[in-house]
file work_8.cif (mmCIF, C-alpha atoms, pLDDT in the B column; chains and numbers go by the auth columns)
data_coords
#
loop_
_atom_site.group_PDB
_atom_site.id
_atom_site.type_symbol
_atom_site.label_atom_id
_atom_site.label_comp_id
_atom_site.label_asym_id
_atom_site.label_seq_id
_atom_site.Cartn_x
_atom_site.Cartn_y
_atom_site.Cartn_z
_atom_site.B_iso_or_equiv
_atom_site.auth_seq_id
_atom_site.auth_asym_id
ATOM 1 C CA MET A 1 8.232 -58.666 48.580 54.00 1 P
ATOM 2 C CA SER A 2 5.629 -56.399 47.351 58.00 2 P
ATOM 3 C CA VAL A 3 5.884 -54.867 43.959 58.00 3 P
ATOM 4 C CA ARG A 4 4.429 -51.449 43.558 58.00 4 P
ATOM 5 C CA VAL A 5 2.721 -50.914 40.288 58.00 5 P
ATOM 6 C CA GLY A 6 2.733 -47.251 39.350 58.00 6 P
ATOM 7 C CA HIS A 7 2.418 -45.230 36.258 60.00 7 P
ATOM 8 C CA ASP A 8 4.879 -42.538 35.397 61.00 8 P
ATOM 9 C CA ARG A 9 2.914 -39.487 34.237 64.00 9 P
ATOM 10 C CA SER A 10 4.865 -38.275 31.291 75.00 10 P
ATOM 11 C CA ALA A 11 1.922 -37.057 29.219 79.00 11 P
ATOM 12 C CA PHE A 12 -1.100 -34.806 29.624 82.00 12 P
ATOM 13 C CA THR A 13 -4.584 -36.144 29.707 89.00 13 P
ATOM 14 C CA ILE A 14 -7.087 -35.061 27.099 91.00 14 P
ATOM 15 C CA VAL A 15 -9.029 -33.099 29.720 91.00 15 P
ATOM 16 C CA GLU A 16 -5.957 -31.063 30.648 90.00 16 P
ATOM 17 C CA VAL A 17 -5.257 -30.281 26.988 91.00 17 P
ATOM 18 C CA VAL A 18 -8.857 -29.164 26.404 92.00 18 P
ATOM 19 C CA VAL A 19 -8.789 -26.934 29.505 93.00 19 P
ATOM 20 C CA VAL A 20 -5.560 -25.255 28.353 93.00 20 P
ATOM 21 C CA ILE A 21 -6.985 -24.681 24.857 93.00 21 P
ATOM 22 C CA ILE A 22 -10.146 -23.143 26.310 93.00 22 P
ATOM 23 C CA LEU A 23 -8.136 -20.831 28.592 93.00 23 P
ATOM 24 C CA LEU A 24 -5.903 -19.726 25.711 92.00 24 P
ATOM 25 C CA SER A 25 -8.881 -19.052 23.436 92.00 25 P
ATOM 26 C CA VAL A 26 -10.560 -16.928 26.133 91.00 26 P
ATOM 27 C CA ALA A 27 -7.350 -14.963 26.646 89.00 27 P
ATOM 28 C CA VAL A 28 -6.970 -14.390 22.902 87.00 28 P
ATOM 29 C CA GLY A 29 -10.649 -13.428 22.677 88.00 29 P
ATOM 30 C CA LEU A 30 -10.103 -10.724 25.301 87.00 30 P
ATOM 31 C CA VAL A 31 -6.774 -9.355 24.052 84.00 31 P
ATOM 32 C CA VAL A 32 -7.192 -9.234 20.255 81.00 32 P
ATOM 33 C CA PRO A 33 -10.266 -6.940 20.180 79.00 33 P
ATOM 34 C CA ARG A 34 -8.490 -4.495 22.499 78.00 34 P
ATOM 35 C CA LEU A 35 -5.472 -4.396 20.208 74.00 35 P
ATOM 36 C CA VAL A 36 -7.687 -3.826 17.164 70.00 36 P
ATOM 37 C CA ARG A 37 -9.618 -1.043 18.929 74.00 37 P
ATOM 38 C CA ARG A 38 -6.358 0.580 19.975 75.00 38 P
ATOM 39 C CA ASP A 39 -5.212 0.681 16.337 75.00 39 P
ATOM 40 C CA VAL A 40 -8.567 2.120 15.235 76.00 40 P
ATOM 41 C CA ARG A 41 -8.392 4.798 17.954 83.00 41 P
ATOM 42 C CA ALA A 42 -4.826 5.695 16.927 83.00 42 P
ATOM 43 C CA ARG A 43 -5.936 6.166 13.316 83.00 43 P
ATOM 44 C CA GLU A 44 -8.920 8.204 14.487 85.00 44 P
ATOM 45 C CA ARG A 45 -6.594 10.471 16.505 88.00 45 P
ATOM 46 C CA ILE A 46 -4.467 11.060 13.394 88.00 46 P
ATOM 47 C CA ALA A 47 -7.563 11.979 11.370 86.00 47 P
ATOM 48 C CA GLN A 48 -8.617 14.322 14.201 88.00 48 P
ATOM 49 C CA ARG A 49 -5.179 15.991 14.177 90.00 49 P
ATOM 50 C CA VAL A 50 -5.436 16.492 10.406 89.00 50 P
ATOM 51 C CA GLN A 51 -8.862 18.056 10.901 88.00 51 P
ATOM 52 C CA ASP A 52 -7.484 20.352 13.635 90.00 52 P
ATOM 53 C CA LEU A 53 -4.518 21.366 11.462 91.00 53 P
ATOM 54 C CA LEU A 54 -6.762 22.254 8.523 89.00 54 P
ATOM 55 C CA ARG A 55 -9.197 24.120 10.784 89.00 55 P
ATOM 56 C CA SER A 56 -6.403 26.188 12.391 89.00 56 P
ATOM 57 C CA ALA A 57 -4.797 27.016 9.057 89.00 57 P
ATOM 58 C CA SER A 58 -8.148 27.893 7.491 86.00 58 P
ATOM 59 C CA ARG A 59 -9.134 30.177 10.377 86.00 59 P
ATOM 60 C CA ARG A 60 -5.804 31.985 10.361 86.00 60 P
ATOM 61 C CA SER A 61 -6.040 32.455 6.628 84.00 61 P
ATOM 62 C CA LEU A 62 -9.722 33.440 6.594 81.00 62 P
ATOM 63 C CA HIS A 63 -9.861 35.660 9.676 80.00 63 P
ATOM 64 C CA GLY A 64 -6.261 36.736 10.082 78.00 64 P
ATOM 65 C CA GLY A 65 -5.571 37.414 6.428 79.00 65 P
ATOM 66 C CA GLU A 66 -2.356 35.399 6.503 82.00 66 P
ATOM 67 C CA VAL A 67 -1.097 33.588 3.435 84.00 67 P
ATOM 68 C CA LEU A 68 -0.245 30.020 4.411 88.00 68 P
ATOM 69 C CA ARG A 69 0.668 26.892 2.521 89.00 69 P
ATOM 70 C CA LEU A 70 -0.400 23.339 3.204 90.00 70 P
ATOM 71 C CA ARG A 71 2.429 20.915 2.457 92.00 71 P
ATOM 72 C CA TYR A 72 2.321 17.150 2.150 91.00 72 P
ATOM 73 C CA ASP A 73 5.223 14.855 1.357 87.00 73 P
ATOM 74 C CA SER A 74 4.634 11.109 1.096 86.00 74 P
ATOM 75 C CA GLN A 75 8.285 10.389 1.894 89.00 75 P
ATOM 76 C CA ASP A 76 7.996 12.057 5.316 87.00 76 P
ATOM 77 C CA GLN A 77 4.314 11.075 5.643 89.00 77 P
ATOM 78 C CA GLU A 78 3.713 14.468 7.197 92.00 78 P
ATOM 79 C CA LEU A 79 1.119 17.170 6.629 91.00 79 P
ATOM 80 C CA GLY A 80 2.213 20.616 7.713 93.00 80 P
ATOM 81 C CA VAL A 81 1.635 24.327 7.385 93.00 81 P
ATOM 82 C CA LEU A 82 4.182 26.808 6.062 92.00 82 P
ATOM 83 C CA SER A 83 3.977 30.510 6.791 89.00 83 P
ATOM 84 C CA MET A 84 5.385 33.337 4.722 83.00 84 P
ATOM 85 C CA VAL A 85 8.423 35.248 5.947 79.00 85 P
ATOM 86 C CA ARG A 86 9.394 38.417 4.137 68.00 86 P
ATOM 87 C CA ASP A 87 13.043 39.353 4.075 61.00 87 P
ATOM 88 C CA GLU A 88 13.460 42.682 5.752 60.00 88 P
ATOM 89 C CA GLY A 89 15.225 45.107 3.480 56.00 89 P
ATOM 90 C CA PHE A 90 15.479 48.836 3.254 46.00 90 P
ATOM 91 C CA CYS A 91 12.704 48.900 0.667 50.00 91 P
ATOM 92 C CA GLN A 92 9.177 47.880 1.676 54.00 92 P
ATOM 93 C CA SER A 93 7.984 47.060 -1.820 54.00 93 P
ATOM 94 C CA TRP A 94 5.835 44.349 -3.305 54.00 94 P
ATOM 95 C CA ASN A 95 8.824 42.570 -4.815 56.00 95 P
ATOM 96 C CA GLN A 96 10.525 41.662 -1.544 60.00 96 P
ATOM 97 C CA GLN A 97 12.031 38.232 -1.281 69.00 97 P
ATOM 98 C CA VAL A 98 9.600 35.763 0.259 75.00 98 P
ATOM 99 C CA ARG A 99 10.630 32.619 2.120 83.00 99 P
ATOM 100 C CA TRP A 100 8.451 29.891 3.548 87.00 100 P
ATOM 101 C CA ARG A 101 9.110 28.225 6.893 90.00 101 P
ATOM 102 C CA VAL A 102 7.371 25.637 9.015 91.00 102 P
ATOM 103 C CA ASP A 103 4.694 27.488 10.920 91.00 103 P
ATOM 104 C CA PRO A 104 5.564 27.657 14.633 90.00 104 P
ATOM 105 C CA LEU A 105 1.911 27.908 15.743 90.00 105 P
ATOM 106 C CA ILE A 106 0.509 24.872 13.942 92.00 106 P
ATOM 107 C CA PRO A 107 2.581 21.727 14.474 93.00 107 P
ATOM 108 C CA PRO A 108 2.826 19.279 11.568 94.00 108 P
ATOM 109 C CA VAL A 109 0.925 15.996 11.735 93.00 109 P
ATOM 110 C CA ALA A 110 2.737 12.690 11.260 92.00 110 P
ATOM 111 C CA LEU A 111 0.324 10.531 9.272 89.00 111 P
ATOM 112 C CA ALA A 112 1.933 7.090 9.685 87.00 112 P
ATOM 113 C CA PRO A 113 0.434 4.492 9.517 86.00 113 P
ATOM 114 C CA LEU A 114 -2.141 6.410 7.454 86.00 114 P
ATOM 115 C CA ARG A 115 -1.296 7.926 4.093 86.00 115 P
ATOM 116 C CA VAL A 116 -3.055 10.272 1.699 87.00 116 P
ATOM 117 C CA THR A 117 -4.607 7.971 -0.892 86.00 117 P
ATOM 118 C CA GLU A 118 -6.555 10.697 -2.670 85.00 118 P
ATOM 119 C CA ALA A 119 -6.466 14.483 -2.691 87.00 119 P
ATOM 120 C CA ARG A 120 -8.860 16.768 -4.544 87.00 120 P
ATOM 121 C CA VAL A 121 -8.698 20.511 -4.865 86.00 121 P
ATOM 122 C CA ASP A 122 -12.039 21.895 -5.923 82.00 122 P
ATOM 123 C CA THR A 123 -12.912 19.159 -8.468 79.00 123 P
ATOM 124 C CA ALA A 124 -9.397 18.329 -9.697 84.00 124 P
ATOM 125 C CA ARG A 125 -7.336 15.422 -8.409 87.00 125 P
ATOM 126 C CA VAL A 126 -3.909 16.194 -6.981 85.00 126 P
ATOM 127 C CA ARG A 127 -1.028 13.750 -7.124 84.00 127 P
ATOM 128 C CA THR A 128 -0.602 12.099 -3.767 82.00 128 P
ATOM 129 C CA GLN A 129 3.212 11.889 -3.642 85.00 129 P
ATOM 130 C CA SER A 130 3.771 15.476 -2.596 86.00 130 P
ATOM 131 C CA TRP A 131 1.965 18.761 -2.991 88.00 131 P
ATOM 132 C CA MET A 132 1.793 22.290 -1.713 87.00 132 P
ATOM 133 C CA LEU A 133 -1.391 24.382 -1.697 86.00 133 P
ATOM 134 C CA GLU A 134 -1.695 28.051 -0.858 86.00 134 P
ATOM 135 C CA LEU A 135 -4.353 29.328 1.544 82.00 135 P
ATOM 136 C CA GLY A 136 -5.363 32.959 1.642 74.00 136 P
ATOM 137 C CA SER A 137 -4.229 34.100 -1.765 68.00 137 P
ATOM 138 C CA SER A 138 -6.648 35.552 -4.276 65.00 138 P
ATOM 139 C CA GLY A 139 -6.230 32.621 -6.668 62.00 139 P
ATOM 140 C CA GLY A 140 -6.437 29.997 -3.946 68.00 140 P
ATOM 141 C CA PHE A 141 -8.633 26.927 -3.862 74.00 141 P
ATOM 142 C CA THR A 142 -12.081 26.739 -2.286 78.00 142 P
ATOM 143 C CA THR A 143 -12.400 23.078 -1.271 84.00 143 P
ATOM 144 C CA LEU A 144 -9.924 20.375 -0.340 86.00 144 P
ATOM 145 C CA VAL A 145 -10.789 16.718 0.192 86.00 145 P
ATOM 146 C CA LEU A 146 -8.207 14.327 1.646 86.00 146 P
ATOM 147 C CA ALA A 147 -8.720 10.563 1.836 86.00 147 P
ATOM 148 C CA LEU A 148 -6.578 9.042 4.589 86.00 148 P
ATOM 149 C CA ASP A 149 -6.227 5.283 4.478 85.00 149 P
ATOM 150 C CA ASP A 150 -3.944 2.413 5.379 81.00 150 P
ATOM 151 C CA GLU A 151 -3.711 -1.246 4.475 78.00 151 P
ATOM 152 C CA SER A 152 -6.474 -2.294 6.873 76.00 152 P
ATOM 153 C CA PRO A 153 -9.914 -3.292 5.574 76.00 153 P
ATOM 154 C CA ALA A 154 -11.499 -0.453 7.586 75.00 154 P
ATOM 155 C CA PRO A 155 -13.015 2.401 5.538 79.00 155 P
ATOM 156 C CA ALA A 156 -10.886 5.447 4.755 81.00 156 P
ATOM 157 C CA TRP A 157 -11.150 8.749 6.611 81.00 157 P
ATOM 158 C CA HIS A 158 -12.225 11.764 4.550 83.00 158 P
ATOM 159 C CA VAL A 159 -11.297 15.226 5.747 85.00 159 P
ATOM 160 C CA LEU A 160 -13.122 18.040 3.941 84.00 160 P
ATOM 161 C CA LEU A 161 -12.086 21.694 4.012 84.00 161 P
ATOM 162 C CA ASP A 162 -14.153 24.573 2.625 82.00 162 P
ATOM 163 C CA THR A 163 -11.903 27.641 2.705 78.00 163 P
ATOM 164 C CA ARG A 164 -14.713 30.114 2.036 73.00 164 P
ATOM 165 C CA ALA A 165 -16.476 29.290 5.299 70.00 165 P
ATOM 166 C CA GLY A 166 -13.580 27.881 7.281 70.00 166 P
ATOM 167 C CA LEU A 167 -15.558 24.636 7.559 73.00 167 P
ATOM 168 C CA VAL A 168 -13.668 21.399 8.223 77.00 168 P
ATOM 169 C CA LEU A 169 -15.480 18.065 8.457 76.00 169 P
ATOM 170 C CA ARG A 170 -14.192 14.577 9.100 76.00 170 P
ATOM 171 C CA ARG A 171 -15.979 11.316 8.475 74.00 171 P
ATOM 172 C CA ARG A 172 -15.202 7.665 8.048 74.00 172 P
ATOM 173 C CA GLY A 173 -16.154 5.700 4.957 71.00 173 P
ATOM 174 C CA GLY A 174 -18.252 6.556 1.953 65.00 174 P
ATOM 175 C CA GLU A 175 -17.153 8.373 -1.139 63.00 175 P
ATOM 176 C CA PRO A 176 -15.617 11.841 -0.926 58.00 176 P
ATOM 177 C CA PRO A 177 -17.650 14.570 -2.620 54.00 177 P
ATOM 178 C CA VAL A 178 -16.642 15.214 -6.209 49.00 178 P
ATOM 179 C CA GLU A 179 -18.260 18.587 -6.629 48.00 179 P
ATOM 180 C CA GLY A 180 -16.968 21.828 -5.164 46.00 180 P
ATOM 181 C CA MET A 181 -19.703 21.865 -2.521 49.00 181 P
ATOM 182 C CA ILE A 182 -20.004 19.893 0.677 49.00 182 P
ATOM 183 C CA ASP A 183 -23.510 18.552 1.251 51.00 183 P
ATOM 184 C CA LEU A 184 -23.987 18.227 5.010 50.00 184 P
ATOM 185 C CA ASP A 185 -27.100 16.084 4.575 53.00 185 P
ATOM 186 C CA ALA A 186 -25.288 13.604 2.345 51.00 186 P
ATOM 187 C CA ILE A 187 -22.521 13.013 4.894 48.00 187 P
ATOM 188 C CA GLY A 188 -24.876 12.438 7.793 51.00 188 P
ATOM 189 C CA MET A 189 -24.643 15.871 9.416 50.00 189 P
ATOM 190 C CA ARG A 190 -28.329 16.796 9.137 51.00 190 P
ATOM 191 C CA ASP A 191 -28.580 17.972 12.740 53.00 191 P
ATOM 192 C CA THR A 192 -25.454 20.109 12.613 49.00 192 P
ATOM 193 C CA PRO A 193 -26.267 23.813 12.978 45.00 193 P
ATOM 194 C CA TRP A 194 -25.209 25.900 9.996 41.00 194 P
#
call {"tool": "encode", "arguments": {"input": "work_8.cif", "output": "C-alpha cells"}}
result
Amino acid sequence: MSVRVGHDRSAFTIVEVVVVIILLSVAVGLVVPRLVRRDVRARERIAQRVQDLLRSASRRSLHGGEVLRLRYDSQDQELGVLSMVRDEGFCQSWNQQVRWRVDPLIPPVALAPLRVTEARVDTARVRTQSWMLELGSSGGFTTLVLALDDESPAPAWHVLLDTRAGLVLRRRGGEPPVEGMIDLDAIGMRDTPW
C-alpha cells in the first residue's frame, strides 16, 4: 500500500503576499492622485464661478447703471446677486418702495466645500458670517477681496474685484492685498494687458 504524502495548502507563500502588496500599492498610487486632482479641480471651478459672478455683477453695475447687491450667507454657503425691484405705484417718485430679489440673470454660486475665510471691502475687514454689499450706488465700495478656503492644506483662493474698472482677478495662494489698489505685478500678472 502506498501512502501519498501531500501538503494541504491552507496558507499563502511569502512571494504571493509580496506580489499582492505590490499590486495594491500600484493601484493606490494610481487612484489617490486622481482623486486629489479631482478635488483641486472642483475647488478651482468654484473659484472660477465666483470670479464670473463678480465680473457679471460688476459689468452690469458699471456699464448698465444697475444697482445690485452682493450677498453672502455662511449658513447657506452661497454667494449671490440681488437686483432692485421697485414697486409700481401711481406715483413715480424717489420714495417708492424698493424690494430686493435674487437676480435672474446671474445664478448664485454654491461655495461648499469652500467658505469665505476673509472678506475685505476697500481696506476694512468684513465679518465672514454673512454680509451684503451694494454695487452701483454713489457710496459704494471700490475694491472687494474674498479669500476662499477649506480645510485642506492647499493655499486659499483670492478673488479680487475693482468696481471702478470692472476688473476681477483670481489667484491661488499668497496674501490678499491690504490696500485699496490691486498691483498686477505683485500678483504675477505682469504680462496682462491693461
call {"tool": "resolve_selection", "arguments": {"input": "work_8.cif", "expression": "the PyMOL selection byres ((chain P and resi 51) around 8)", "output": "VMD selection string"}}
result
chain P and resid 47 to 50 52 to 55 159 168 to 170
call {"tool": "closest_residue", "arguments": {"input": "work_8.cif", "among": "P:Val32, P:Leu160, P:Leu23, P:Val126", "to": "Val145 (chain P)", "atoms": "all atoms listed in the file"}}
result
P:Leu160
call {"tool": "atom_distance", "arguments": {"input": "work_8.cif", "atom1": "CA of Val36 (chain P)", "atom2": "CA of Pro153 (chain P)"}}
result
11.8 Å
call {"tool": "atom_distance", "arguments": {"input": "work_8.cif", "atom1": "CA of Asp103 (chain P)", "atom2": "CA of Glu78 (chain P)"}}
result
13.6 Å
call {"tool": "resolve_selection", "arguments": {"input": "work_8.cif", "expression": "the PyMOL selection byres ((chain P and resi 154) around 12)", "output": "list of chain:residue names"}}
result
P:Val36, P:Arg37, P:Asp39, P:Val40, P:Arg43, P:Glu44, P:Leu114, P:Leu148, P:Asp149, P:Asp150, P:Glu151, P:Ser152, P:Pro153, P:Pro155, P:Ala156, P:Trp157, P:Arg172, P:Gly173, P:Gly174
call {"tool": "write_last_selection", "arguments": {"input": "work_8.cif", "atoms": "C-alpha atoms", "output": "PDB file, in the coordinates of the input"}}
result
ATOM      1  CA  VAL P  36      -7.687  -3.826  17.164  1.00 70.00           C
ATOM      2  CA  ARG P  37      -9.618  -1.043  18.929  1.00 74.00           C
ATOM      3  CA  ASP P  39      -5.212   0.681  16.337  1.00 75.00           C
ATOM      4  CA  VAL P  40      -8.567   2.120  15.235  1.00 76.00           C
ATOM      5  CA  ARG P  43      -5.936   6.166  13.316  1.00 83.00           C
ATOM      6  CA  GLU P  44      -8.920   8.204  14.487  1.00 85.00           C
ATOM      7  CA  LEU P 114      -2.141   6.410   7.454  1.00 86.00           C
ATOM      8  CA  LEU P 148      -6.578   9.042   4.589  1.00 86.00           C
ATOM      9  CA  ASP P 149      -6.227   5.283   4.478  1.00 85.00           C
ATOM     10  CA  ASP P 150      -3.944   2.413   5.379  1.00 81.00           C
ATOM     11  CA  GLU P 151      -3.711  -1.246   4.475  1.00 78.00           C
ATOM     12  CA  SER P 152      -6.474  -2.294   6.873  1.00 76.00           C
ATOM     13  CA  PRO P 153      -9.914  -3.292   5.574  1.00 76.00           C
ATOM     14  CA  PRO P 155     -13.015   2.401   5.538  1.00 79.00           C
ATOM     15  CA  ALA P 156     -10.886   5.447   4.755  1.00 81.00           C
ATOM     16  CA  TRP P 157     -11.150   8.749   6.611  1.00 81.00           C
ATOM     17  CA  ARG P 172     -15.202   7.665   8.048  1.00 74.00           C
ATOM     18  CA  GLY P 173     -16.154   5.700   4.957  1.00 71.00           C
ATOM     19  CA  GLY P 174     -18.252   6.556   1.953  1.00 65.00           C
TER      20      GLY P 174
END
call {"tool": "resolve_selection", "arguments": {"input": "work_8.cif", "expression": "the PyMOL selection byres ((chain P and resi 59) around 12)", "output": "compact mmCIF listing (two decimals) with C-alpha atoms, in the frame of the given file"}}
result
# COMPACT_ATOMS: atom_id res chain seq x y z
CA ASP P 52 -7.48 20.35 13.64
CA LEU P 53 -4.52 21.37 11.46
CA LEU P 54 -6.76 22.25 8.52
CA ARG P 55 -9.20 24.12 10.78
CA SER P 56 -6.40 26.19 12.39
CA ALA P 57 -4.80 27.02 9.06
CA SER P 58 -8.15 27.89 7.49
CA ARG P 60 -5.80 31.98 10.36
CA SER P 61 -6.04 32.46 6.63
CA LEU P 62 -9.72 33.44 6.59
CA HIS P 63 -9.86 35.66 9.68
CA GLY P 64 -6.26 36.74 10.08
CA GLY P 65 -5.57 37.41 6.43
CA GLU P 66 -2.36 35.40 6.50
CA VAL P 67 -1.10 33.59 3.44
CA LEU P 68 -0.24 30.02 4.41
CA ILE P 106 0.51 24.87 13.94
CA LEU P 135 -4.35 29.33 1.54
CA GLY P 136 -5.36 32.96 1.64
CA LEU P 161 -12.09 21.69 4.01
CA ASP P 162 -14.15 24.57 2.62
CA THR P 163 -11.90 27.64 2.70
CA ARG P 164 -14.71 30.11 2.04
CA ALA P 165 -16.48 29.29 5.30
CA GLY P 166 -13.58 27.88 7.28
CA LEU P 167 -15.56 24.64 7.56
CA VAL P 168 -13.67 21.40 8.22
call {"tool": "atom_distance", "arguments": {"input": "work_8.cif", "atom1": "CA of Arg120 (chain P)", "atom2": "CA of Gly80 (chain P)"}}
result
17.0 Å
call {"tool": "closest_residue", "arguments": {"input": "work_8.cif", "among": "P:Gly29, P:Thr13, P:Asp73, P:Ala147", "to": "Arg125 (chain P)", "atoms": "all atoms listed in the file"}}
result
P:Ala147
call {"tool": "build_atoms", "arguments": {"input": "work_8.cif", "residues": "region 46-65 of chain P", "atoms": "N, CA and C atoms", "output": "JSON list (two decimals), in the frame of the given file"}}
result
[["chain", "number", "residue", "atom", "x", "y", "z"],
["P", 46, "ILE", "N", -5.21, 10.44, 14.50],
["P", 46, "ILE", "CA", -4.47, 11.06, 13.39],
["P", 46, "ILE", "C", -5.43, 11.85, 12.51],
["P", 47, "ALA", "N", -6.57, 11.26, 12.18],
["P", 47, "ALA", "CA", -7.56, 11.98, 11.37],
["P", 47, "ALA", "C", -8.05, 13.23, 12.10],
["P", 48, "GLN", "N", -8.21, 13.15, 13.42],
["P", 48, "GLN", "CA", -8.62, 14.32, 14.20],
["P", 48, "GLN", "C", -7.54, 15.40, 14.16],
["P", 49, "ARG", "N", -6.27, 15.00, 14.24],
["P", 49, "ARG", "CA", -5.18, 15.99, 14.18],
["P", 49, "ARG", "C", -5.13, 16.66, 12.81],
["P", 50, "VAL", "N", -5.38, 15.90, 11.75],
["P", 50, "VAL", "CA", -5.44, 16.49, 10.41],
["P", 50, "VAL", "C", -6.57, 17.50, 10.34],
["P", 51, "GLN", "N", -7.72, 17.14, 10.88],
["P", 51, "GLN", "CA", -8.86, 18.06, 10.90],
["P", 51, "GLN", "C", -8.51, 19.33, 11.68],
["P", 52, "ASP", "N", -7.87, 19.19, 12.83],
["P", 52, "ASP", "CA", -7.48, 20.35, 13.64],
["P", 52, "ASP", "C", -6.47, 21.23, 12.91],
["P", 53, "LEU", "N", -5.51, 20.60, 12.22],
["P", 53, "LEU", "CA", -4.52, 21.37, 11.46],
["P", 53, "LEU", "C", -5.19, 22.18, 10.36],
["P", 54, "LEU", "N", -6.08, 21.54, 9.60],
["P", 54, "LEU", "CA", -6.76, 22.25, 8.52],
["P", 54, "LEU", "C", -7.66, 23.35, 9.07],
["P", 55, "ARG", "N", -8.33, 23.10, 10.19],
["P", 55, "ARG", "CA", -9.20, 24.12, 10.78],
["P", 55, "ARG", "C", -8.37, 25.33, 11.24],
["P", 56, "SER", "N", -7.25, 25.09, 11.91],
["P", 56, "SER", "CA", -6.40, 26.19, 12.39],
["P", 56, "SER", "C", -5.84, 27.00, 11.23],
["P", 57, "ALA", "N", -5.36, 26.31, 10.21],
["P", 57, "ALA", "CA", -4.80, 27.02, 9.06],
["P", 57, "ALA", "C", -5.88, 27.81, 8.34],
["P", 58, "SER", "N", -7.06, 27.22, 8.18],
["P", 58, "SER", "CA", -8.15, 27.89, 7.49],
["P", 58, "SER", "C", -8.60, 29.14, 8.26],
["P", 59, "ARG", "N", -8.71, 29.02, 9.57],
["P", 59, "ARG", "CA", -9.13, 30.18, 10.38],
["P", 59, "ARG", "C", -8.11, 31.30, 10.33],
["P", 60, "ARG", "N", -6.83, 30.95, 10.43],
["P", 60, "ARG", "CA", -5.80, 31.98, 10.36],
["P", 60, "ARG", "C", -5.80, 32.66, 9.01],
["P", 61, "SER", "N", -6.02, 31.88, 7.97],
["P", 61, "SER", "CA", -6.04, 32.46, 6.63],
["P", 61, "SER", "C", -7.29, 33.29, 6.40],
["P", 62, "LEU", "N", -8.45, 32.78, 6.83],
["P", 62, "LEU", "CA", -9.72, 33.44, 6.59],
["P", 62, "LEU", "C", -9.89, 34.69, 7.46],
["P", 63, "HIS", "N", -9.62, 34.55, 8.75],
["P", 63, "HIS", "CA", -9.86, 35.66, 9.68],
["P", 63, "HIS", "C", -8.64, 36.55, 9.91],
["P", 64, "GLY", "N", -7.47, 35.97, 9.82],
["P", 64, "GLY", "CA", -6.26, 36.74, 10.08],
["P", 64, "GLY", "C", -5.63, 37.32, 8.83],
["P", 65, "GLY", "N", -6.10, 36.89, 7.67],
["P", 65, "GLY", "CA", -5.57, 37.41, 6.43],
["P", 65, "GLY", "C", -4.17, 36.93, 6.09]]
